[in-house]
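Since the structure comes first, as structure tokens, the remarks are kept for the end.
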There are 2 protein chains.
Amino acid sequence: MSQQTKFLLNEDQMPKAWYNLQADFPQPLPAVLHPGTMQPVGPDDLAPLFPMSLIQQEVTTEREVEIPEPVRDVYRLWRPAPLYRAHGLEKALGTCAKIYYKYEGVSPAGSHKPNTAVPQAFFNKQAGVKRLVTETGAGQWGTSLAFAGAHYGLEVEVFQVRVSYDQKPYRRAMMETYGARCVASPSNETVYGRSVLAKHPDHRGSLGIAISEAVELAVQRDDTKYALGSVLNHVMLHQTIIGLESMQQMAMADTWPDVVVGCTGGGSNFAGMAFPFIGHGLRGGPKPRIVAVEPAACPSLTRGKYAYDFGDTAGMTPLTKMHTLGAQFTPPGFHAGGLRYHGMAPMVSHAKELGLLEAVAYDQVACFAAGVLFARAEGIVPAPEANHAVKGAIEEALRCKREGKAETILFNLSGHGHFDMASYQKYFAGELTDETYDEAELAMALSGLPSVPEPV
Amino acid sequence: MSQQTKFLLNEDQMPKAWYNLQADFPQPLPAVLHPGTMQPVGPDDLAPLFPMSLIQQEVTTEREVEIPEPVRDVYRLWRPAPLYRAHGLEKALGTCAKIYYKYEGVSPAGSHKPNTAVPQAFFNKQAGVKRLVTETGAGQWGTSLAFAGAHYGLEVEVFQVRVSYDQKPYRRAMMETYGARCVASPSNETVYGRSVLAKHPDHRGSLGIAISEAVELAVQRDDTKYALGSVLNHVMLHQTIIGLESMQQMAMADTWPDVVVGCTGGGSNFAGMAFPFIGHGLRGGPKPRIVAVEPAACPSLTRGKYAYDFGDTAGMTPLTKMHTLGAQFTPPGFHAGGLRYHGMAPMVSHAKELGLLEAVAYDQVACFAAGVLFARAEGIVPAPEANHAVKGAIEEALRCKREGKAETILFNLSGHGHFDMASYQKYFAGELTDETYDEAELAMALSGLPSVPEPV
């Protein structure tokens, strides 16, 4: 009899509600501040950007938020997602640890991003919105929103960071295949974009600038809203389906994780896996160690400041308290494009401050080495972002080996690397190096954080 | 209550045996001929190329061939594969037809190819083989064999057609990620490769040349065997898991196809879907129409000759009777690289001659248009090869609409297009045209077919 490797749920076991960690936080999240008044925002302040249903999800402290049936219908295209026992990796490492991973690369976009793109499109459609505008870096999020928009008949416009727009035309082709319009940012289509181009006609763009452009357009037009692929509370909420499914699958495997590992950029795939386990622990269940793995070249959790900051470069978004490298910080050009963001999700940051999780940072060459080891042992080629989670899990497994502990390690493999083989090509050619940021630039970005009165 | 879209089997419903259409053919397959003697080959003649277990599968007329448990273990990484009702596509077409598709893009390589790569690697490993050598064009097959080789600890060496090696480095990176060695063909590593390079130092390569190189190496070394990703009987056999699963899923959906559609290059994904349905019909079950869709630029079934021909350019392989455009025919450079082969699988060809299937050819621009329509309606971006099947299914659905018939159409979506977005990019830029072959070249290739005595 062979060892069981895959743990698959039936469709009727797919969760019917998302889990909201705000219900179980021992202390509430710090308030969100208005960028003009620096006072706490109310729901109406956010109404130009999001439909009221999503704003309610942003602030609710209800523990469960129902997943509407039409959203579950689309989720069923690829969910429930499989969870695997990594027998091959365990053997390759010679560890006594048991390693499990949840695989989110089975979605049509190849990552976890559609988990939130679909409900965001659904709730906007329900609110009568005609068009969604967003930003994308490498293109995973733009692709996912384009996919969701195509399903619900919404127009989707994506501001793609210029350097990615030029260097990764395949991602753009994918968005266009789904019917989205893709514009290089900075662009001439917004006041802010034009102001950047006036000063720097050849500007390569950044996620912060692209967010500013998307927000500007959304605010201008009544039929248009903004969508964000990470950071916000309702995005974390939607991603919890990852962890909720995983909890059922760990029970199927007749075990429970001692360590839960995920990679963090904005924080959404990590939160999606970790929050249900954290909440379960806060409510009296077992408390696994929760490990967030971030790129050493953009280390918001391990090197950033926990402070109020803007989400974008122009300072148009509300201010949130988060671990940040400063909104003016430009991450170096490493290959895990989905992890290149100056800030960390407020909920993840809050959990870190409360001691509910640990954070660690790894360089990219080591992460690619981990990804190659994983691909040969398990058969799936991970995305560069997911390689960070693989690296984190491997380090935990090697610790178990040293300590002789047969712990259970669970990590989230957030996406496949089929769009990222150029990075692997560079790795094999020996052309990949560890990117580093400039310490002086980081210090300057941190010193430029907005000064705000601490809200009551 | 929502309409059911996805039909998913439990792991214990995954077939335990492949289906062999040779058991049900009303007339047996024509013999395979030795390239030297032009006489029917025996198993020993094939022994330098394949392990005896695969040679037995090549010639057996047993109806069922057991899938070994270790192969099923690896299949479980992505199988059973989902079958979907294409509600979105039906709506977009306004057809009264019911359209279903089986999705093989869920494998780690993104296509159906691992269905045969895994058992081929397994049976070779079992026979004590240390190394597999093969060829690849666009790279799907090379990737799949690299994946399977990594699992069983076999060395894999891939001769990749030079033009693809240069133009598609990402596919090469994928093979290297799985630990395979990839060589541009024609190469200096074989006598035949050197002879081609001596005449044409800048030769762009072809699948036929790459096969000759791989076969030459396999024959030379005792510890090395050859593996082919399509055409051969045992490859068709392994792929029947597609159709066998689909039959169970059609029963779950409480219907049965009136038409079964697949795309054909070498024939394996088509055979995998169609053969179980053909056999079921031959044994007294319902007989759906079986439609093979091929590219108009490489139309072996619709324009080729049914004759004995070589599988490679150098004339080193055994001769099989098949629909062929001539082993010296070079298909033009259209984007469905997996369909660029001069010959058709002998079993598919035989079925065509027996009137068990129909064939139709479409141009590539129309196939891309079909793929884009499908992506927006169903959420999955198909591979350029699979676009041919999509096009075929759409044409059947539109016929149903014209005729007012509510037929059930089933097609095989053999892979996703994540590696092929450059082709979509060209399509959107209006740079994609319908490739055509030179009629004079085809006539010359057909006139050069080997003259063989018809075997008894």
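In the structure tokens, the first chain shown is A, the next is B, and so on; residue numbers restart at 1 for each chain, and ligands run from 1 in the order shown.
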Report as a tab-separated table (two decimals) with C-alpha atoms, in the first residue's frame the set of chain B residues whose atoms approach chain A to within 7 Å, with distances computed over only C-alpha atoms.
```tsv
chain	number	residue	atom	x	y	z
B	6	LYS	CA	-17.33	20.74	-12.66
B	77	LEU	CA	-0.38	14.46	-8.20
B	106	VAL	CA	-3.67	20.64	-14.48
B	108	PRO	CA	2.82	19.89	-13.51
B	147	PHE	CA	9.57	15.78	-14.79
B	150	ALA	CA	13.31	13.48	-11.92
B	151	HIS	CA	10.70	11.46	-10.08
B	170	TYR	CA	11.98	29.36	-20.96
B	173	ALA	CA	14.89	26.45	-18.29
B	174	MET	CA	11.90	24.32	-17.24
B	177	THR	CA	14.81	22.94	-13.48
B	178	TYR	CA	13.75	19.28	-13.50
B	179	GLY	CA	17.41	18.32	-13.92
B	372	VAL	CA	-9.65	33.98	-26.97
B	375	ALA	CA	-10.67	32.19	-22.38
B	376	ARG	CA	-13.12	35.04	-21.82
B	377	ALA	CA	-16.09	32.71	-21.51
B	379	GLY	CA	-11.54	31.48	-17.70
B	380	ILE	CA	-8.83	29.12	-18.97
B	418	HIS	CA	0.81	29.95	-20.05
B	419	PHE	CA	3.98	29.11	-21.98
B	421	MET	CA	1.58	33.98	-24.48
B	422	ALA	CA	4.04	35.28	-27.09
B	424	TYR	CA	-1.30	35.49	-28.20
B	425	GLN	CA	0.68	38.72	-28.09
```
- Enumerate the residues of region 94-149 of chain B with a DSSP assignment of alpha helix (DSSP H), computed from the backbone, and present them as a list in words. Pro114, Asn115, Thr116, Ala117, Val118, Pro119, Gln120, Ala121, Phe122, Phe123, Asn124, Lys125, Gln126, Gln140, Trp141, Gly142, Thr143, Ser144, Leu145, Ala146, Phe147, Ala148 and Gly149 of chain B
Find the residues of region 48-103 of chain B that sit at most 12 Å from region 262-279 of chain B; for each, write down the nearest two atoms and how far apart they are in Å, to one decimal. Count only C-alpha atoms. Sort by chain, then by number going up, and give it as JSON lines.
```
{"residue": "B:Arg63", "atom": "CA", "partner": "B:Gly279", "partner_atom": "CA", "distance": 9.5}
{"residue": "B:Glu64", "atom": "CA", "partner": "B:Pro276", "partner_atom": "CA", "distance": 11.0}
{"residue": "B:Leu83", "atom": "CA", "partner": "B:Met273", "partner_atom": "CA", "distance": 11.9}
{"residue": "B:Tyr101", "atom": "CA", "partner": "B:Gly262", "partner_atom": "CA", "distance": 10.0}
{"residue": "B:Lys102", "atom": "CA", "partner": "B:Met273", "partner_atom": "CA", "distance": 8.6}
{"residue": "B:Tyr103", "atom": "CA", "partner": "B:Met273", "partner_atom": "CA", "distance": 10.9}
```
- Task: Using backbone DSSP assignments, extract all strand (DSSP E) residues from region 62-115 of chain A; output them as a ChimeraX atom specification.
- Result: /A:64-66,83-85,98-103
- Task: Determine, counting only C-alpha atoms, which protein, DNA and RNA residues have an atom within 8 Å of an atom of Tyr100 (chain B); residues of the same chain fewer than 3 positions away are not included. Present the result as an NGL selection string.
- Result: :B and (83-86 or 408-411)
- Which polymer residues have any atom within 8 Å of an atom of Thr317 (chain B), counting only C-alpha atoms, with same-chain residues fewer than 2 positions away left out, as number ranges by chain? B: 34-35, 212, 215, 310-312, 315, 319
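Taking CA of Lys16 (chain A) and CA of Thr61 (chain A) as endpoints, the distance between them is 17.7 Å.
Near region 440-451 of chain B, within 6 Å and counting only C-alpha atoms, sit Leu325, Gly326, Gln328 and Phe329 of chain B; same-chain residues fewer than 3 positions away were not included.
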- Have a look at CA of Gln57 (chain A) and CA of Leu232 (chain A) and let me know their distance in Å, one decimal.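 Between these atoms lies a distance of 10.0 Å.
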- Residues near Trp141 (chain B), cut-off 9 Å, only C-alpha atoms, skip fewer than 2 positions along chain, as a PyMOL selection string: chain B and resi 109+111+113-114+117+134-139+143-146+228-230+338
Prev. selection, C-alpha atoms, output as a CSV table (one decimal), in the first residue's frame:
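And here's result-v4.csv as it stands now:
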```csv
chain,number,residue,atom,x,y,z
B,109,ALA,CA,3.9,20.3,-17.1
B,111,SER,CA,-0.5,19.4,-20.6
B,113,LYS,CA,2.1,14.7,-21.9
B,114,PRO,CA,3.0,13.5,-18.4
B,117,ALA,CA,6.0,10.3,-19.6
B,134,THR,CA,14.3,12.0,-26.5
B,135,GLU,CA,13.6,15.0,-28.8
B,136,THR,CA,11.3,17.9,-28.3
B,137,GLY,CA,10.0,20.8,-30.5
B,138,ALA,CA,8.3,23.5,-28.5
B,139,GLY,CA,9.2,21.7,-25.3
B,143,THR,CA,9.5,19.0,-20.0
B,144,SER,CA,7.2,16.1,-19.2
B,145,LEU,CA,9.9,13.5,-19.6
B,146,ALA,CA,12.2,15.7,-17.5
B,228,LEU,CA,8.7,9.2,-27.8
B,229,GLY,CA,5.9,11.5,-26.7
B,230,SER,CA,3.4,10.6,-29.4
B,338,GLY,CA,3.0,20.4,-30.8
```
- Any idea what's packed within 7 Å of region 290-298 of chain A, counting only C-alpha atoms, ignoring anything in its chain fewer than 3 positions away? Could you give it as a PyMOL selection string? chain A and resi 259-265+270+274+331-332+340+357-364+388-389+392+435-437
- CA of Pro186 (chain A) to CA of Asp222 (chain A) measures 22.9 Å
- Item | Nearest candidate to Ile67 (chain A) (options A:Tyr165, A:Tyr341, A:Tyr192, A:Phe122; using only C-alpha atoms) |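 Residue with the minimum atom-to-atom distance to Ile67 (chain A): A:Phe122.
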